[in-house]
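This report refers to the structure that appears directly beneath it.
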Amino acid sequence: MNIFDLDIIQPCYNPPDEWEKHTVLYYREICKLLPDFSIRLSIVNDGSSHPISSEKVEYIRTYIPHFTFISYDLNQGKGYALRKGVEQSSATYQIYSDIDFPYKIDNLVSMAQALRAGADIVIGVREKDYYNHLSYKRKITSKWAQLLNKLFLRLPVNETQSGLKGFNHKGRSIFLKTIVKRFLFDTEFVAMASRDKSI
């Protein structure tokens, strides 16, 4: 039996100032919007070069009783960090997001509701104005990646790099089979999921 309905998993590398306070506020808002979900937060410190103080971790633990903190010394990459977080999760659903919360809370709430309604995997889509804040080089790289996903990988979605994704036990099992540690682990996950006939 699963203790929690939902695990929110966040990779963390050199987080911004006062990240612990923002984390608590974000978690509380999610719990308010999903009152019928039992929710745990899991943060994975991916070998930050600036040590994360125990005071900040304890601050979160004080205000979020259902909190897990995983940490290791050597930076391995976002894909590796997320697999570490997902591995230890026994919740019914997992959703991962970035530590600086670049997505609207409503998007995460909708994702949790879609999973409960029966979706195996839910993928966030970055809004069009997201690209307005990117450098020209990153914008071109993102657009090329989308085109390659469509033409060569023949993925059912163009957007694979959004840092907001969720899944149930079926999606979890596929995610844990990924091996890419850094950039493109999302593409690997979506490609594997799109070829799985059970989804």
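Here's how to read the names in the structure tokens: chain A, B, ... by the order shown, residue numbers from 1 in each chain, ligand numbers from 1 in the order shown.
Counting only C-alpha atoms, range 55-68 of chain A has the following residues at most 8 Å away, ignoring those fewer than 2 positions along the same chain: Glu20, Lys21, Thr23, Val24, Tyr27, Ile39, Arg40, Leu41, Ser42, Ile43, Ile52, Ser53 and Ile70 of chain A.
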Give me, as a PyMOL selection string, all polymer residues having an atom no more than 9 Å from range 85-97 of chain A, counting only C-alpha atoms and skipping those fewer than 5 positions away in the same chain. chain A and resi 1-11+39-40+42-44+70+80+102-103+108+111-112+115-116+122+162-169+172+175-176
For the residues in the current selection, export N, CA and C atoms as a CSV table (one decimal), in the first residue's frame.
chain,number,residue,atom,x,y,z
A,1,MET,N,0.8,-1.2,0.0
A,1,MET,CA,0.0,0.0,0.0
A,1,MET,C,0.9,1.2,0.0
A,2,ASN,N,0.5,2.2,-0.9
A,2,ASN,CA,1.3,3.4,-1.0
A,2,ASN,C,0.9,4.4,0.2
A,3,ILE,N,1.9,5.0,0.8
A,3,ILE,CA,1.6,5.9,1.9
A,3,ILE,C,1.2,7.2,1.3
A,4,PHE,N,1.8,7.7,0.2
A,4,PHE,CA,1.5,9.0,-0.4
A,4,PHE,C,0.8,8.8,-1.7
A,5,ASP,N,-0.1,9.7,-2.1
A,5,ASP,CA,-0.6,9.8,-3.4
A,5,ASP,C,0.4,10.3,-4.4
A,6,LEU,N,1.1,11.3,-4.0
A,6,LEU,CA,2.0,12.0,-4.9
A,6,LEU,C,3.3,12.4,-4.3
A,7,ASP,N,4.4,12.1,-5.0
A,7,ASP,CA,5.7,12.6,-4.7
A,7,ASP,C,6.1,13.7,-5.7
A,8,ILE,N,6.4,14.9,-5.2
A,8,ILE,CA,7.0,15.9,-6.0
A,8,ILE,C,8.5,15.8,-5.9
A,9,ILE,N,9.2,15.6,-7.0
A,9,ILE,CA,10.6,15.4,-6.9
A,9,ILE,C,11.4,16.5,-7.6
A,10,GLN,N,12.3,17.1,-7.0
A,10,GLN,CA,13.1,18.2,-7.5
A,10,GLN,C,14.6,18.0,-7.5
A,11,PRO,N,15.2,18.1,-8.6
A,11,PRO,CA,16.7,18.0,-8.6
A,11,PRO,C,17.2,19.4,-8.2
A,39,ILE,N,0.7,14.4,0.0
A,39,ILE,CA,1.9,14.8,-0.9
A,39,ILE,C,3.2,14.8,-0.1
A,40,ARG,N,4.2,14.2,-0.7
A,40,ARG,CA,5.5,14.3,-0.1
A,40,ARG,C,6.4,15.1,-1.1
A,42,SER,N,10.4,15.5,-2.3
A,42,SER,CA,11.7,14.9,-2.3
A,42,SER,C,12.6,15.9,-3.1
A,43,ILE,N,13.7,16.3,-2.5
A,43,ILE,CA,14.7,17.1,-3.1
A,43,ILE,C,16.0,16.3,-3.2
A,44,VAL,N,16.6,16.3,-4.4
A,44,VAL,CA,17.9,15.6,-4.6
A,44,VAL,C,19.0,16.6,-4.9
A,70,ILE,N,17.9,14.0,-0.4
A,70,ILE,CA,18.9,13.1,-0.9
A,70,ILE,C,20.1,13.9,-1.3
A,80,TYR,N,20.3,11.8,-13.8
A,80,TYR,CA,20.8,10.9,-12.7
A,80,TYR,C,20.1,11.3,-11.4
A,102,PRO,N,9.8,27.2,-12.2
A,102,PRO,CA,9.5,28.1,-13.3
A,102,PRO,C,8.1,27.9,-13.9
A,103,TYR,N,7.3,26.9,-13.4
A,103,TYR,CA,6.0,26.6,-14.0
A,103,TYR,C,4.9,27.1,-13.0
A,108,LEU,N,1.0,22.1,-12.4
A,108,LEU,CA,1.3,20.9,-11.7
A,108,LEU,C,0.0,20.3,-11.1
A,111,MET,N,-1.8,18.4,-13.8
A,111,MET,CA,-1.0,17.2,-14.1
A,111,MET,C,-1.4,16.1,-13.1
A,112,ALA,N,-1.4,16.5,-11.8
A,112,ALA,CA,-1.8,15.5,-10.7
A,112,ALA,C,-3.2,15.0,-11.0
A,115,LEU,N,-3.3,12.5,-13.9
A,115,LEU,CA,-2.8,11.2,-13.5
A,115,LEU,C,-3.8,10.4,-12.7
A,116,ARG,N,-4.5,11.1,-11.8
A,116,ARG,CA,-5.5,10.4,-11.0
A,116,ARG,C,-6.7,9.9,-11.9
A,122,VAL,N,2.2,12.4,-18.1
A,122,VAL,CA,1.8,13.7,-18.5
A,122,VAL,C,3.0,14.6,-18.7
A,162,SER,N,10.6,20.2,-21.5
A,162,SER,CA,10.0,20.8,-20.4
A,162,SER,C,10.4,20.1,-19.1
A,163,GLY,N,10.7,20.9,-18.0
A,163,GLY,CA,11.1,20.3,-16.8
A,163,GLY,C,10.0,19.9,-15.9
A,164,LEU,N,8.8,19.8,-16.4
A,164,LEU,CA,7.6,19.4,-15.6
A,164,LEU,C,7.0,18.2,-16.3
A,165,LYS,N,7.1,17.0,-15.6
A,165,LYS,CA,6.6,15.8,-16.1
A,165,LYS,C,6.0,14.9,-15.0
A,166,GLY,N,5.0,14.1,-15.2
A,166,GLY,CA,4.5,13.2,-14.2
A,166,GLY,C,4.1,11.9,-14.7
A,167,PHE,N,4.1,10.9,-13.9
A,167,PHE,CA,3.7,9.6,-14.3
A,167,PHE,C,3.2,8.7,-13.1
A,168,ASN,N,2.5,7.6,-13.5
A,168,ASN,CA,2.1,6.6,-12.6
A,168,ASN,C,3.1,5.5,-12.6
A,169,HIS,N,2.7,4.3,-12.1
A,169,HIS,CA,3.7,3.2,-11.9
A,169,HIS,C,4.2,2.7,-13.3
A,172,ARG,N,6.7,5.4,-14.4
A,172,ARG,CA,7.8,5.3,-13.5
A,172,ARG,C,8.8,4.2,-13.9
A,175,PHE,N,10.7,5.4,-16.9
A,175,PHE,CA,11.6,6.4,-16.5
A,175,PHE,C,12.9,5.8,-15.9
A,176,LEU,N,12.7,4.8,-15.0
A,176,LEU,CA,13.9,4.2,-14.3
A,176,LEU,C,14.7,3.4,-15.3
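Summary of the local environment: counting only C-alpha atoms, residues at most 8 Å from Phe185 in chain A, other than itself and those fewer than 6 positions away along its chain, are Gly79, Thr178 and Ile179 of chain A.
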Taking the DSSP secondary structure from the backbone, can you list the residues of range 46-143 of chain A that are helix (DSSP H, G or I), as a ChimeraX atom specification? /A:54-63,78-87,105-116,128-133,136-143
Counting only C-alpha atoms, what is within 9 Å of Phe189 in chain A, bar same-chain residues fewer than 2 positions away, as a ChimeraX atom specification? /A:160,174-178,184-187,191-194
